[in-house]
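A.B. asks: Provided herewith: my_file18.cif, mmCIF, C-alpha atoms and all ligand atoms.
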```cif
data_work
#
loop_
_atom_site.label_atom_id
_atom_site.label_comp_id
_atom_site.auth_asym_id
_atom_site.auth_seq_id
_atom_site.Cartn_x
_atom_site.Cartn_y
_atom_site.Cartn_z
CA MET S 1 11.08 -69.91 116.30
CA SER S 2 13.89 -68.90 118.65
CA THR S 3 16.46 -71.26 120.20
CA GLU S 4 15.00 -70.62 123.69
CA ASN S 5 11.42 -71.46 122.68
CA PHE S 6 12.25 -74.59 120.74
CA GLU S 7 11.72 -78.05 122.17
CA VAL S 8 11.06 -81.51 120.85
CA LYS S 9 7.69 -82.14 122.46
CA ALA S 10 7.21 -84.88 125.04
CA TYR S 11 4.37 -87.44 124.91
CA PRO S 12 5.21 -89.67 127.92
CA GLU S 13 1.80 -91.36 128.15
CA MET S 14 1.80 -92.36 124.52
CA TRP S 15 5.41 -93.58 124.81
CA ALA S 16 4.48 -95.71 127.83
CA GLU S 17 1.63 -97.25 125.82
CA LEU S 18 4.18 -98.04 123.12
CA ASP S 19 6.26 -99.92 125.72
CA MET S 20 9.20 -97.52 125.50
CA ASP S 21 11.91 -96.83 128.05
CA VAL S 22 10.33 -93.45 128.82
CA PRO S 23 12.85 -91.90 131.30
CA ARG S 24 15.79 -92.71 129.05
CA PHE S 25 14.02 -91.61 125.88
CA ASP S 26 12.97 -88.35 127.46
CA LYS S 27 16.63 -87.43 127.98
CA ALA S 28 17.35 -88.15 124.31
CA ARG S 29 14.36 -85.96 123.36
CA GLN S 30 15.73 -83.04 125.40
CA MET S 31 19.20 -83.43 123.91
CA LEU S 32 17.83 -83.49 120.37
CA GLY S 33 15.94 -80.26 121.03
CA GLU S 34 19.09 -78.58 122.38
CA VAL S 35 21.27 -79.72 119.47
CA TYR S 36 18.63 -78.66 116.95
CA GLY S 37 18.27 -75.26 118.58
CA LYS S 38 22.01 -74.67 118.44
CA MET S 39 22.66 -76.03 114.95
CA TYR S 40 19.51 -74.95 113.14
CA LEU S 41 17.79 -72.04 114.79
CA THR S 42 20.94 -69.94 115.01
CA GLN S 43 21.32 -69.90 111.22
CA ALA S 44 21.03 -66.42 109.74
CA ASN S 45 18.51 -65.47 107.09
CA ARG S 46 16.57 -68.74 106.94
CA PRO S 47 13.58 -68.96 104.60
CA GLU S 48 10.29 -68.39 106.48
CA LYS S 49 8.78 -71.59 105.13
CA MET S 50 11.34 -73.63 107.12
CA ALA S 51 8.89 -73.11 110.03
CA TYR S 52 6.95 -76.18 108.90
CA PHE S 53 10.06 -78.36 109.02
CA ASP S 54 11.05 -76.96 112.44
CA ASN S 55 7.62 -78.01 113.61
CA MET S 56 8.10 -81.49 112.11
CA VAL S 57 11.23 -81.84 114.27
CA SER S 58 9.35 -80.52 117.30
CA GLU S 59 6.63 -83.15 116.73
CA ILE S 60 8.95 -85.92 115.58
CA PHE S 61 8.24 -88.08 118.63
CA GLY S 62 4.62 -87.03 119.10
CA GLY S 63 2.36 -85.49 116.47
CA ARG S 64 3.61 -87.66 113.61
CA ILE S 65 3.44 -90.83 115.73
CA LYS S 66 -0.18 -90.00 116.64
CA GLU S 67 -1.03 -89.69 112.96
CA MET S 68 0.55 -93.07 112.26
CA LEU S 69 -1.32 -94.69 115.14
CA GLU S 70 -4.59 -93.34 113.71
CA VAL S 71 -3.78 -95.04 110.39
CA LYS S 72 -2.89 -98.25 112.21
CA LYS S 73 -6.26 -98.28 114.02
CA THR S 74 -7.97 -98.54 110.63
CA GLY S 75 -6.10 -101.80 109.92
CA LYS S 76 -3.70 -100.27 107.41
CA PRO S 77 -0.05 -101.29 107.63
CA ILE S 78 2.80 -99.28 109.15
CA VAL S 79 5.98 -100.56 107.55
CA GLY S 80 9.53 -99.75 108.63
CA THR S 81 12.30 -99.80 106.03
CA PHE S 82 16.05 -99.15 105.95
CA CYS S 83 16.77 -98.65 102.30
CA VAL S 84 15.53 -96.73 99.28
CA TYR S 85 15.22 -100.01 97.36
CA ILE S 86 12.03 -100.93 99.25
CA PRO S 87 9.11 -99.57 97.18
CA GLU S 88 7.08 -97.26 99.39
CA GLU S 89 4.48 -96.84 96.61
CA ILE S 90 3.12 -100.29 97.52
CA VAL S 91 2.60 -99.35 101.16
CA VAL S 92 0.96 -96.07 100.18
CA ALA S 93 -1.28 -97.96 97.70
CA ALA S 94 -2.52 -100.06 100.64
CA GLY S 95 -3.39 -96.86 102.55
CA GLY S 96 -0.50 -97.48 104.94
CA VAL S 97 2.57 -95.58 106.08
CA CYS S 98 6.14 -96.34 105.09
CA VAL S 99 8.73 -94.98 107.50
CA GLY S 100 12.53 -94.96 107.22
CA LEU S 101 14.14 -96.41 110.33
CA CYS S 102 17.83 -95.88 109.52
CA GLY S 103 19.67 -94.80 112.65
CA GLY S 104 21.73 -91.60 112.68
CA SER S 105 22.48 -91.28 116.38
CA ALA S 106 25.37 -92.48 118.54
CA GLY S 107 23.04 -92.75 121.56
CA SER S 108 21.60 -96.15 120.63
CA ILE S 109 24.89 -97.79 119.59
CA PRO S 110 25.83 -99.14 123.08
CA ASP S 111 22.51 -101.06 123.09
CA ALA S 112 23.45 -102.66 119.77
CA GLU S 113 27.01 -103.44 120.83
CA LYS S 114 25.68 -105.64 123.64
CA ILE S 115 24.92 -108.17 120.93
CA LEU S 116 26.20 -107.07 117.49
CA PRO S 117 29.92 -106.84 116.66
CA ARG S 118 31.44 -103.41 117.25
CA ASN S 119 33.17 -103.24 113.87
CA ILE S 120 30.12 -102.87 111.65
CA CYS S 121 28.54 -99.78 110.14
CA PRO S 122 27.17 -97.28 112.73
CA MET S 123 23.93 -96.90 110.75
CA VAL S 124 23.07 -100.57 111.29
CA LYS S 125 24.10 -100.50 114.96
CA SER S 126 22.19 -97.29 115.61
CA ALA S 127 19.00 -98.66 114.03
CA TYR S 128 19.21 -102.00 115.84
CA GLY S 129 20.00 -100.24 119.14
CA PHE S 130 16.85 -98.11 118.86
CA LYS S 131 14.73 -101.26 118.88
CA ALA S 132 16.82 -103.15 121.44
CA GLY S 133 16.75 -100.20 123.87
CA ARG S 134 13.05 -99.41 123.19
CA ILE S 135 14.01 -95.80 122.49
CA CYS S 136 12.34 -95.11 119.13
CA PRO S 137 8.57 -94.54 118.90
CA TYR S 138 8.66 -95.31 115.16
CA PHE S 139 10.15 -98.74 115.77
CA GLN S 140 7.51 -99.35 118.46
CA THR S 141 4.70 -98.37 116.08
CA VAL S 142 5.50 -100.42 112.97
CA ASP S 143 3.63 -103.67 112.21
CA PHE S 144 6.73 -105.14 110.65
CA VAL S 145 10.00 -104.12 109.06
CA TYR S 146 11.23 -104.97 105.60
CA GLY S 147 14.99 -105.19 105.26
CA GLU S 148 17.05 -106.01 102.21
CA THR S 149 20.24 -107.78 101.22
CA THR S 150 22.18 -104.71 100.12
CA CYS S 151 25.12 -105.19 102.46
CA ASP S 152 26.41 -107.93 104.74
CA ALA S 153 25.96 -105.98 107.97
CA LYS S 154 22.31 -105.39 107.20
CA LYS S 155 21.35 -108.78 105.90
CA LYS S 156 22.76 -110.63 108.91
CA THR S 157 21.34 -108.09 111.38
CA TRP S 158 17.81 -108.79 110.08
CA GLU S 159 18.06 -112.34 111.43
CA ILE S 160 18.76 -110.95 114.91
CA LEU S 161 16.28 -108.07 114.63
CA ASP S 162 13.53 -110.58 113.79
CA ARG S 163 13.67 -111.69 117.45
CA LEU S 164 12.43 -108.22 118.45
CA VAL S 165 10.09 -107.24 115.62
CA PRO S 166 8.76 -109.23 112.63
CA THR S 167 11.43 -108.71 109.97
CA TYR S 168 11.14 -109.72 106.31
CA VAL S 169 13.86 -109.42 103.74
CA MET S 170 13.81 -108.44 100.08
CA GLU S 171 16.57 -109.97 98.05
CA ILE S 172 18.21 -107.16 96.10
CA PRO S 173 20.49 -108.60 93.43
CA GLN S 174 24.04 -107.30 93.16
CA MET S 175 24.11 -106.94 89.38
CA LYS S 176 21.63 -105.50 86.89
CA LYS S 177 21.34 -108.19 84.24
CA ALA S 178 18.05 -109.38 82.69
CA ARG S 179 17.86 -112.33 85.10
CA ASP S 180 18.37 -109.98 88.05
CA ARG S 181 15.36 -107.96 86.91
CA THR S 182 13.26 -111.15 86.81
CA LEU S 183 14.24 -111.96 90.40
CA TRP S 184 13.64 -108.37 91.47
CA ILE S 185 10.08 -108.28 90.10
CA GLU S 186 9.31 -111.47 92.02
CA GLU S 187 10.67 -109.90 95.20
CA VAL S 188 8.51 -106.80 94.64
CA LYS S 189 5.47 -109.08 94.24
CA ASP S 190 6.31 -110.83 97.53
CA PHE S 191 6.53 -107.44 99.24
CA LYS S 192 3.09 -106.50 97.87
CA ALA S 193 1.68 -109.83 99.09
CA LYS S 194 3.08 -109.23 102.60
CA VAL S 195 1.56 -105.74 102.75
CA GLU S 196 -1.80 -107.11 101.54
CA GLU S 197 -1.68 -109.89 104.13
CA VAL S 198 -1.27 -107.37 106.96
CA CYS S 199 -4.04 -105.06 105.82
CA LYS S 200 -6.23 -108.00 104.74
CA SER S 201 -7.17 -106.43 101.43
CA GLU S 202 -5.87 -106.49 97.91
CA ILE S 203 -4.13 -103.55 96.29
CA SER S 204 -5.83 -102.65 92.99
CA ALA S 205 -4.17 -101.20 89.90
CA ALA S 206 -6.07 -97.95 90.58
CA ASP S 207 -4.67 -97.82 94.15
CA LEU S 208 -1.16 -98.35 92.87
CA ALA S 209 -1.56 -95.76 90.08
CA GLU S 210 -2.62 -93.19 92.66
CA ALA S 211 0.25 -94.08 95.02
CA ILE S 212 2.78 -93.82 92.18
CA LYS S 213 1.52 -90.28 91.50
CA VAL S 214 1.74 -89.35 95.18
CA ILE S 215 5.34 -90.52 95.54
CA ASN S 216 6.36 -89.13 92.14
CA ASN S 217 5.02 -85.76 93.31
CA LYS S 218 7.07 -86.00 96.49
CA ARG S 219 10.18 -86.79 94.45
CA LYS S 220 9.43 -83.97 91.98
CA ALA S 221 9.17 -81.46 94.84
CA LEU S 222 12.59 -82.57 96.10
CA GLN S 223 14.00 -82.31 92.57
CA ARG S 224 12.69 -78.73 92.41
CA LEU S 225 14.35 -77.90 95.71
CA THR S 226 17.67 -79.36 94.53
CA ALA S 227 17.53 -77.32 91.30
CA LEU S 228 17.00 -74.12 93.32
CA ARG S 229 20.03 -74.86 95.48
CA ALA S 230 22.16 -74.43 92.34
CA ALA S 231 21.53 -70.67 92.45
CA SER S 232 24.27 -68.37 93.60
CA PRO S 233 24.11 -67.11 96.29
CA ALA S 234 22.53 -70.31 97.65
CA PRO S 235 18.96 -69.48 98.74
CA ILE S 236 18.93 -72.12 101.50
CA SER S 237 21.59 -73.74 103.65
CA GLY S 238 22.82 -77.29 103.12
CA LYS S 239 21.78 -78.15 106.67
CA ASP S 240 18.20 -77.18 105.86
CA GLY S 241 18.37 -79.05 102.55
CA LEU S 242 19.56 -82.19 104.32
CA LEU S 243 16.92 -81.84 107.05
CA ILE S 244 14.14 -81.74 104.45
CA GLU S 245 15.57 -84.84 102.75
CA GLN S 246 15.59 -86.59 106.13
CA ILE S 247 12.00 -85.57 106.93
CA ALA S 248 10.94 -87.03 103.55
CA PHE S 249 11.33 -90.46 105.16
CA TYR S 250 8.76 -89.98 107.90
CA ASP S 251 6.31 -87.23 106.90
CA GLU S 252 2.93 -87.78 105.26
CA PRO S 253 3.85 -87.64 101.54
CA VAL S 254 1.07 -85.42 100.12
CA ARG S 255 1.47 -82.77 102.81
CA PHE S 256 5.25 -82.99 102.60
CA ALA S 257 5.24 -82.31 98.83
CA GLU S 258 2.93 -79.31 99.34
CA LYS S 259 5.23 -77.86 102.00
CA VAL S 260 8.38 -78.42 99.95
CA ASN S 261 6.70 -76.74 96.98
CA ALA S 262 5.63 -73.80 99.17
CA LEU S 263 9.24 -73.45 100.33
CA CYS S 264 10.40 -73.61 96.69
CA ASP S 265 8.01 -70.75 95.81
CA GLU S 266 9.73 -68.68 98.49
CA LEU S 267 13.18 -69.74 97.28
CA GLU S 268 12.29 -68.76 93.71
CA GLN S 269 11.52 -65.26 94.95
CA ARG S 270 14.81 -65.19 96.82
CA VAL S 271 16.73 -66.30 93.75
CA ALA S 272 14.99 -63.65 91.61
CA ALA S 273 15.92 -60.98 94.19
CA GLY S 274 19.49 -62.30 94.57
CA ILE S 275 18.93 -63.12 98.27
CA GLY S 276 21.02 -65.93 99.73
CA VAL S 277 21.68 -67.49 103.11
CA ILE S 278 25.37 -66.88 102.73
CA ASP S 279 27.78 -64.70 100.84
CA VAL S 280 28.17 -65.37 97.13
CA GLU S 281 31.89 -66.00 97.78
CA ALA S 282 31.23 -68.95 100.14
CA PRO S 283 32.74 -72.20 98.78
CA ARG S 284 30.00 -74.42 97.34
CA ILE S 285 30.38 -78.06 98.32
CA MET S 286 28.65 -81.18 97.09
CA VAL S 287 28.52 -84.10 99.54
CA SER S 288 28.53 -87.60 98.07
CA GLY S 289 28.43 -91.03 99.67
CA THR S 290 26.67 -92.93 102.43
CA PRO S 291 23.32 -91.65 103.69
CA MET S 292 23.08 -89.30 106.69
CA ALA S 293 20.10 -90.46 108.72
CA LEU S 294 18.41 -88.06 111.14
CA PRO S 295 19.89 -86.56 113.39
CA ASN S 296 23.26 -86.93 111.66
CA TRP S 297 24.12 -83.33 110.77
CA LYS S 298 27.79 -83.60 111.74
CA VAL S 299 29.55 -83.00 108.41
CA HIS S 300 27.13 -80.37 107.10
CA ASN S 301 27.48 -78.49 110.37
CA LEU S 302 31.29 -78.61 110.18
CA LEU S 303 31.31 -77.43 106.55
CA GLU S 304 28.87 -74.60 107.08
CA THR S 305 30.41 -73.48 110.37
CA ALA S 306 33.69 -73.19 108.45
CA GLY S 307 32.03 -70.78 105.99
CA ALA S 308 31.02 -73.11 103.13
CA VAL S 309 27.56 -73.93 101.83
CA VAL S 310 26.48 -77.44 100.90
CA VAL S 311 24.55 -77.37 97.63
CA ASN S 312 23.81 -81.04 96.94
CA GLU S 313 23.73 -84.48 98.59
CA GLU S 314 24.47 -87.34 96.19
CA SER S 315 23.22 -89.92 98.65
CA CYS S 316 20.15 -92.01 99.50
CA ILE S 317 19.10 -89.27 101.89
CA GLY S 318 19.56 -86.95 98.96
CA THR S 319 19.27 -87.17 95.20
CA ARG S 320 19.52 -90.97 94.96
CA TYR S 321 16.10 -91.07 96.63
CA PHE S 322 14.34 -88.75 94.20
CA LYS S 323 16.25 -88.43 90.92
CA ASP S 324 14.16 -91.13 89.17
CA LEU S 325 10.37 -91.29 88.73
CA ILE S 326 8.01 -94.15 87.87
CA ASP S 327 6.21 -94.17 84.53
CA GLU S 328 2.61 -93.17 85.36
CA ASN S 329 1.10 -94.45 82.11
CA GLN S 330 0.76 -98.15 82.95
CA THR S 331 -2.73 -99.29 83.92
CA ASP S 332 -2.56 -103.03 84.67
CA MET S 333 -0.82 -104.42 87.73
CA ASP S 334 1.88 -106.45 85.96
CA ARG S 335 2.99 -103.49 83.86
CA GLN S 336 2.86 -101.15 86.83
CA LEU S 337 5.06 -103.48 88.86
CA ALA S 338 7.47 -103.79 85.93
CA ALA S 339 7.63 -99.98 85.57
CA LEU S 340 8.13 -99.66 89.32
CA THR S 341 10.95 -102.21 89.29
CA ASP S 342 12.60 -100.46 86.33
CA ARG S 343 12.65 -97.23 88.31
CA TYR S 344 14.11 -98.91 91.38
CA MET S 345 16.77 -100.62 89.24
CA GLN S 346 18.11 -97.19 88.30
CA ILE S 347 19.22 -96.54 91.88
CA ASP S 348 22.99 -96.55 91.79
CA CYS S 349 24.01 -97.81 95.23
CA SER S 350 27.59 -98.97 95.68
CA CYS S 351 26.31 -102.43 96.66
CA PHE S 352 26.01 -103.13 92.90
CA THR S 353 28.82 -104.24 90.66
CA PRO S 354 29.70 -102.74 88.33
CA ASN S 355 28.26 -99.38 89.36
CA ASP S 356 29.89 -96.97 86.94
CA GLU S 357 26.63 -95.09 86.45
CA ARG S 358 27.15 -93.62 89.92
CA ILE S 359 30.48 -92.11 88.90
CA ASP S 360 28.76 -90.44 85.91
CA GLN S 361 25.92 -89.33 88.19
CA VAL S 362 28.30 -87.70 90.68
CA LEU S 363 29.92 -85.70 87.88
CA LYS S 364 26.52 -84.74 86.46
CA GLU S 365 25.29 -83.50 89.86
CA TYR S 366 28.56 -81.71 90.53
CA ARG S 367 28.07 -79.71 87.34
CA SER S 368 24.33 -79.09 87.73
CA SER S 369 24.68 -77.96 91.36
CA LYS S 370 27.49 -75.56 90.41
CA ALA S 371 29.58 -76.92 93.25
CA GLN S 372 33.26 -76.08 93.57
CA GLY S 373 34.40 -79.20 95.34
CA ILE S 374 33.26 -82.68 96.37
CA LEU S 375 33.41 -84.11 99.88
CA HIS S 376 33.07 -87.88 99.81
CA TYR S 377 31.53 -89.22 102.99
CA SER S 378 31.80 -92.87 104.01
CA LEU S 379 30.58 -94.36 107.22
CA GLN S 380 33.15 -96.51 108.98
CA PHE S 381 33.04 -100.17 107.94
CA CYS S 382 30.89 -99.47 104.88
CA HIS S 383 33.09 -101.47 102.52
CA THR S 384 31.19 -100.83 99.31
CA TYR S 385 31.22 -97.02 99.58
CA ASN S 386 34.75 -96.98 100.96
CA ILE S 387 36.03 -98.98 97.99
CA GLU S 388 33.92 -97.19 95.38
CA GLU S 389 35.49 -93.99 96.70
CA ILE S 390 38.60 -94.92 94.68
CA LYS S 391 36.72 -94.40 91.43
CA ILE S 392 35.12 -91.15 92.60
CA ARG S 393 38.58 -89.85 93.58
CA GLU S 394 40.05 -90.85 90.22
CA MET S 395 37.19 -89.11 88.39
CA CYS S 396 37.79 -85.93 90.43
CA GLU S 397 41.52 -86.04 89.66
CA GLN S 398 40.77 -86.44 85.99
CA GLU S 399 38.27 -83.58 85.96
CA GLY S 400 40.36 -81.30 88.21
CA ILE S 401 37.66 -81.21 90.90
CA PRO S 402 38.83 -80.27 94.43
CA TYR S 403 38.18 -83.38 96.52
CA LEU S 404 38.20 -84.51 100.11
CA SER S 405 37.34 -87.99 101.33
CA ILE S 406 36.40 -88.64 104.93
CA GLU S 407 35.50 -91.80 106.78
CA THR S 408 33.74 -91.24 110.05
CA ASP S 409 31.06 -92.44 112.45
CA TYR S 410 28.53 -90.74 114.72
CA SER S 411 30.81 -90.01 117.66
CA PRO S 412 32.10 -86.48 118.29
CA GLU S 413 35.64 -87.79 118.88
CA ASP S 414 37.04 -86.95 115.44
CA VAL S 415 35.37 -83.53 115.14
CA GLY S 416 38.61 -81.59 115.77
CA GLN S 417 40.54 -83.59 113.20
CA LEU S 418 37.72 -83.30 110.63
CA GLN S 419 37.48 -79.57 111.22
CA THR S 420 41.18 -79.15 110.40
CA ARG S 421 40.87 -81.20 107.21
CA ILE S 422 37.71 -79.38 106.12
CA GLU S 423 39.27 -75.96 106.71
CA ALA S 424 42.31 -76.94 104.62
CA PHE S 425 39.98 -78.20 101.87
CA LEU S 426 38.03 -74.94 101.83
CA GLU S 427 41.27 -72.95 101.71
CA GLN S 428 42.29 -74.98 98.65
CA ILE S 429 38.99 -74.01 96.96
CA ARG S 430 39.23 -70.35 97.97
CA GLY S 431 42.71 -70.42 96.36
S1 LIG D 501 23.22 -96.69 100.53
FE1 LIG D 501 22.51 -98.53 99.44
S2 LIG D 501 21.93 -99.90 101.07
FE2 LIG D 501 22.04 -97.86 101.98
S3 LIG D 501 19.94 -97.03 101.81
FE3 LIG D 501 21.05 -96.44 100.01
S4 LIG D 501 20.55 -98.00 98.48
FE4 LIG D 501 20.06 -98.84 100.47
S1 LIG D 502 26.17 -97.33 104.94
FE1 LIG D 502 27.09 -99.11 103.92
S2 LIG D 502 27.50 -100.61 105.56
FE2 LIG D 502 26.07 -99.06 106.36
S3 LIG D 502 24.04 -99.93 106.03
FE3 LIG D 502 24.50 -98.65 104.23
S4 LIG D 502 25.44 -100.03 102.73
FE4 LIG D 502 25.47 -101.08 104.74
#
```
Would you kindly transcribe this structure into structure tokens?
Ligand code: SF4
Ligand code: SF4

C.D. replies:
Amino acid sequence: MSTENFEVKAYPEMWAELDMDVPRFDKARQMLGEVYGKMYLTQANRPEKMAYFDNMVSEIFGGRIKEMLEVKKTGKPIVGTFCVYIPEEIVVAAGGVCVGLCGGSAGSIPDAEKILPRNICPMVKSAYGFKAGRICPYFQTVDFVYGETTCDAKKKTWEILDRLVPTYVMEIPQMKKARDRTLWIEEVKDFKAKVEEVCKSEISAADLAEAIKVINNKRKALQRLTALRAASPAPISGKDGLLIEQIAFYDEPVRFAEKVNALCDELEQRVAAGIGVIDVEAPRIMVSGTPMALPNWKVHNLLETAGAVVVNEESCIGTRYFKDLIDENQTDMDRQLAALTDRYMQIDCSCFTPNDERIDQVLKEYRSSKAQGILHYSLQFCHTYNIEEIKIREMCEQEGIPYLSIETDYSPEDVGQLQTRIEAFLEQIRG
């Protein structure tokens, strides 16, 4: 697909039925198409199988919403979430759709700042602003949203968001002791009960077993993609890798896994033939830190425009989402829910204390991705990641890993300054 032919498709009638601010949203749609064309479709030597993901972006506000509305008509739940701690397997077991609603755009932040404080994380403001401004078809489609207590900005925003859309909250403990696990399992059971209440039917052990397989397969496909990115030269760009990880949060999971696996087949051929998207000499960077929700491509674009290639994202929109699988061998509901909770307890978000397993995980991924430097990315006002950055930095110093830490938001204002710092960082790696 060429830059000129690409557009994010418009569905004004459907948007009006969803009670959206159609004229304003249509401008955002056009801008997204232009940005995507410039950042993505100008990349050289892209794998052919990226065509599916280009189409997913083109249909992001139309085709995929239609599919979700079809599911909704059958009485199955459409559930919005903001965190990888909410178990999507339970929604899939009920025949519903789980969709990530994290906001990655500056465009909705002014809507949020009419009511929320300015000095909180842009991800929370962006997400809230999408609902407040009626400029997100996903938000307009969900039956309810399920937040969590991972950080202060989120947990207090849910109280305000509940005025606009039914909002429930899962208590995620902040430590991982035996008593925290007991609480967590109870919270998972409450989530299941809420999903069952909406779809007015009970989830069976067989339903859950099937859903666990479906989501495990999605995670395995993403693991396969990550392993292939370790090849040198890199067979796919970091921007494309990140895009696929972002699409994982809204695509239909069975189809998504098939398409990622088809792409991986192509990448395997590229690796065997020594074909890359960029020169073998390009500095290989691993990005670690806060998640980059769609359409936040700012840092990857800066890195790759400066001649580097991103080979790994240690992030929730990245490996933290798919590194762990659920044991598929449990057959009764209690054991399945326990196995599910055990898998979710392995997620190493900075909202936990202590969280030393993340430091080990960053080093492990640095080595397995064959990166040559780590860029730590924190969103402004994200206290837990900003403070945990100290330990990541110390680990990099100890291991002699080239390291750059940035704290930023979604605005383009600091792009020039970031560019200068990134170029200096890449020069340090090039030696
Ligand atoms: S960074 Fe933490 S709070 Fe944010 S999505 Fe990931 S697990 Fe959830
Ligand atoms: S990035 Fe940090 S502050 Fe923002 S929502 Fe996630 S945990 Fe909260």

A.B. asks: Using only C-alpha atoms, which residues sit within 8 Å of segment 415-425 of chain S once same-chain residues fewer than 6 positions away are excluded, as a VMD selection string?

C.D. replies: chain S and resid 302 to 303 306 402 to 404 406

A.B. asks: Which of these, S:Cys264, S:Glu7, S:Tyr128, S:Ile244, has the shortest distance to Gly104 of chain S once you count all atoms listed in the file?

C.D. replies: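 Ranking S:Cys264, S:Glu7, S:Tyr128, S:Ile244 by distance to Gly104 of chain S, first place goes to S:Tyr128.
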
A.B. asks: Quick one: contact table of chain S to ligand LIG 501 (chain D), 8 Å max, nearest atom pair and distance in Å to one decimal per residue, counting all atoms listed in the file, chain and number order, as a Markdown table?

C.D. replies:
```
| residue | atom | partner | partner_atom | distance |
| --- | --- | --- | --- | --- |
| S:Phe82 | CA | D:LIG501 | S3 | 6.1 |
| S:Cys83 | CA | D:LIG501 | S3 | 3.6 |
| S:Val84 | CA | D:LIG501 | S3 | 5.1 |
| S:Tyr85 | CA | D:LIG501 | S4 | 5.8 |
| S:Glu148 | CA | D:LIG501 | S2 | 7.9 |
| S:Thr150 | CA | D:LIG501 | S2 | 4.9 |
| S:Cys151 | CA | D:LIG501 | S2 | 6.3 |
| S:Gly289 | CA | D:LIG501 | S1 | 7.7 |
| S:Thr290 | CA | D:LIG501 | S1 | 5.4 |
| S:Pro291 | CA | D:LIG501 | S1 | 5.9 |
| S:Ser315 | CA | D:LIG501 | FE3 | 7.0 |
| S:Cys316 | CA | D:LIG501 | FE3 | 4.5 |
| S:Ile317 | CA | D:LIG501 | FE3 | 7.7 |
| S:Arg320 | CA | D:LIG501 | FE3 | 7.6 |
| S:Ile347 | CA | D:LIG501 | S4 | 6.9 |
| S:Asp348 | CA | D:LIG501 | S4 | 7.3 |
| S:Cys349 | CA | D:LIG501 | FE1 | 4.5 |
| S:Ser350 | CA | D:LIG501 | FE1 | 6.3 |
| S:Cys351 | CA | D:LIG501 | FE1 | 6.1 |
```

A.B. asks: Wanna dump the chain S-ligand LIG 502 (chain D) contacts at 10 Å for me, each residue with its shortest atom pair and the distance in Å to one decimal, counting all atoms listed in the file, ordered by chain and number, as JSON lines?

C.D. replies:
```
{"residue": "S:Phe82", "atom": "CA", "partner": "D:LIG502", "partner_atom": "S3", "distance": 8.0}
{"residue": "S:Cys83", "atom": "CA", "partner": "D:LIG502", "partner_atom": "FE3", "distance": 8.0}
{"residue": "S:Cys102", "atom": "CA", "partner": "D:LIG502", "partner_atom": "S3", "distance": 8.2}
{"residue": "S:Gly103", "atom": "CA", "partner": "D:LIG502", "partner_atom": "S3", "distance": 9.4}
{"residue": "S:Ile120", "atom": "CA", "partner": "D:LIG502", "partner_atom": "S2", "distance": 7.0}
{"residue": "S:Cys121", "atom": "CA", "partner": "D:LIG502", "partner_atom": "FE2", "distance": 4.6}
{"residue": "S:Pro122", "atom": "CA", "partner": "D:LIG502", "partner_atom": "FE2", "distance": 6.7}
{"residue": "S:Met123", "atom": "CA", "partner": "D:LIG502", "partner_atom": "FE2", "distance": 5.3}
{"residue": "S:Val124", "atom": "CA", "partner": "D:LIG502", "partner_atom": "S3", "distance": 5.4}
{"residue": "S:Lys125", "atom": "CA", "partner": "D:LIG502", "partner_atom": "FE2", "distance": 8.9}
{"residue": "S:Ala127", "atom": "CA", "partner": "D:LIG502", "partner_atom": "S3", "distance": 9.5}
{"residue": "S:Thr149", "atom": "CA", "partner": "D:LIG502", "partner_atom": "FE4", "distance": 9.2}
{"residue": "S:Thr150", "atom": "CA", "partner": "D:LIG502", "partner_atom": "S4", "distance": 6.3}
{"residue": "S:Cys151", "atom": "CA", "partner": "D:LIG502", "partner_atom": "FE4", "distance": 4.7}
{"residue": "S:Asp152", "atom": "CA", "partner": "D:LIG502", "partner_atom": "FE4", "distance": 6.9}
{"residue": "S:Ala153", "atom": "CA", "partner": "D:LIG502", "partner_atom": "FE4", "distance": 5.9}
{"residue": "S:Lys154", "atom": "CA", "partner": "D:LIG502", "partner_atom": "S3", "distance": 5.8}
{"residue": "S:Lys155", "atom": "CA", "partner": "D:LIG502", "partner_atom": "FE4", "distance": 8.8}
{"residue": "S:Gly289", "atom": "CA", "partner": "D:LIG502", "partner_atom": "S1", "distance": 8.5}
{"residue": "S:Thr290", "atom": "CA", "partner": "D:LIG502", "partner_atom": "S1", "distance": 5.1}
{"residue": "S:Pro291", "atom": "CA", "partner": "D:LIG502", "partner_atom": "S1", "distance": 6.5}
{"residue": "S:Met292", "atom": "CA", "partner": "D:LIG502", "partner_atom": "S1", "distance": 8.8}
{"residue": "S:Ala293", "atom": "CA", "partner": "D:LIG502", "partner_atom": "S1", "distance": 9.9}
{"residue": "S:Cys316", "atom": "CA", "partner": "D:LIG502", "partner_atom": "FE3", "distance": 9.2}
{"residue": "S:Cys349", "atom": "CA", "partner": "D:LIG502", "partner_atom": "S4", "distance": 8.0}
{"residue": "S:Ser350", "atom": "CA", "partner": "D:LIG502", "partner_atom": "S4", "distance": 7.4}
{"residue": "S:Cys351", "atom": "CA", "partner": "D:LIG502", "partner_atom": "S4", "distance": 6.6}
{"residue": "S:Tyr377", "atom": "CA", "partner": "D:LIG502", "partner_atom": "S1", "distance": 9.9}
{"residue": "S:Ser378", "atom": "CA", "partner": "D:LIG502", "partner_atom": "S1", "distance": 7.2}
{"residue": "S:Leu379", "atom": "CA", "partner": "D:LIG502", "partner_atom": "S1", "distance": 5.8}
{"residue": "S:Gln380", "atom": "CA", "partner": "D:LIG502", "partner_atom": "S2", "distance": 7.8}
{"residue": "S:Phe381", "atom": "CA", "partner": "D:LIG502", "partner_atom": "S2", "distance": 6.0}
{"residue": "S:Cys382", "atom": "CA", "partner": "D:LIG502", "partner_atom": "S2", "distance": 3.6}
{"residue": "S:His383", "atom": "CA", "partner": "D:LIG502", "partner_atom": "S2", "distance": 6.4}
{"residue": "S:Thr384", "atom": "CA", "partner": "D:LIG502", "partner_atom": "FE1", "distance": 6.4}
{"residue": "S:Tyr385", "atom": "CA", "partner": "D:LIG502", "partner_atom": "FE1", "distance": 6.3}
{"residue": "S:Asn386", "atom": "CA", "partner": "D:LIG502", "partner_atom": "FE1", "distance": 8.5}
```
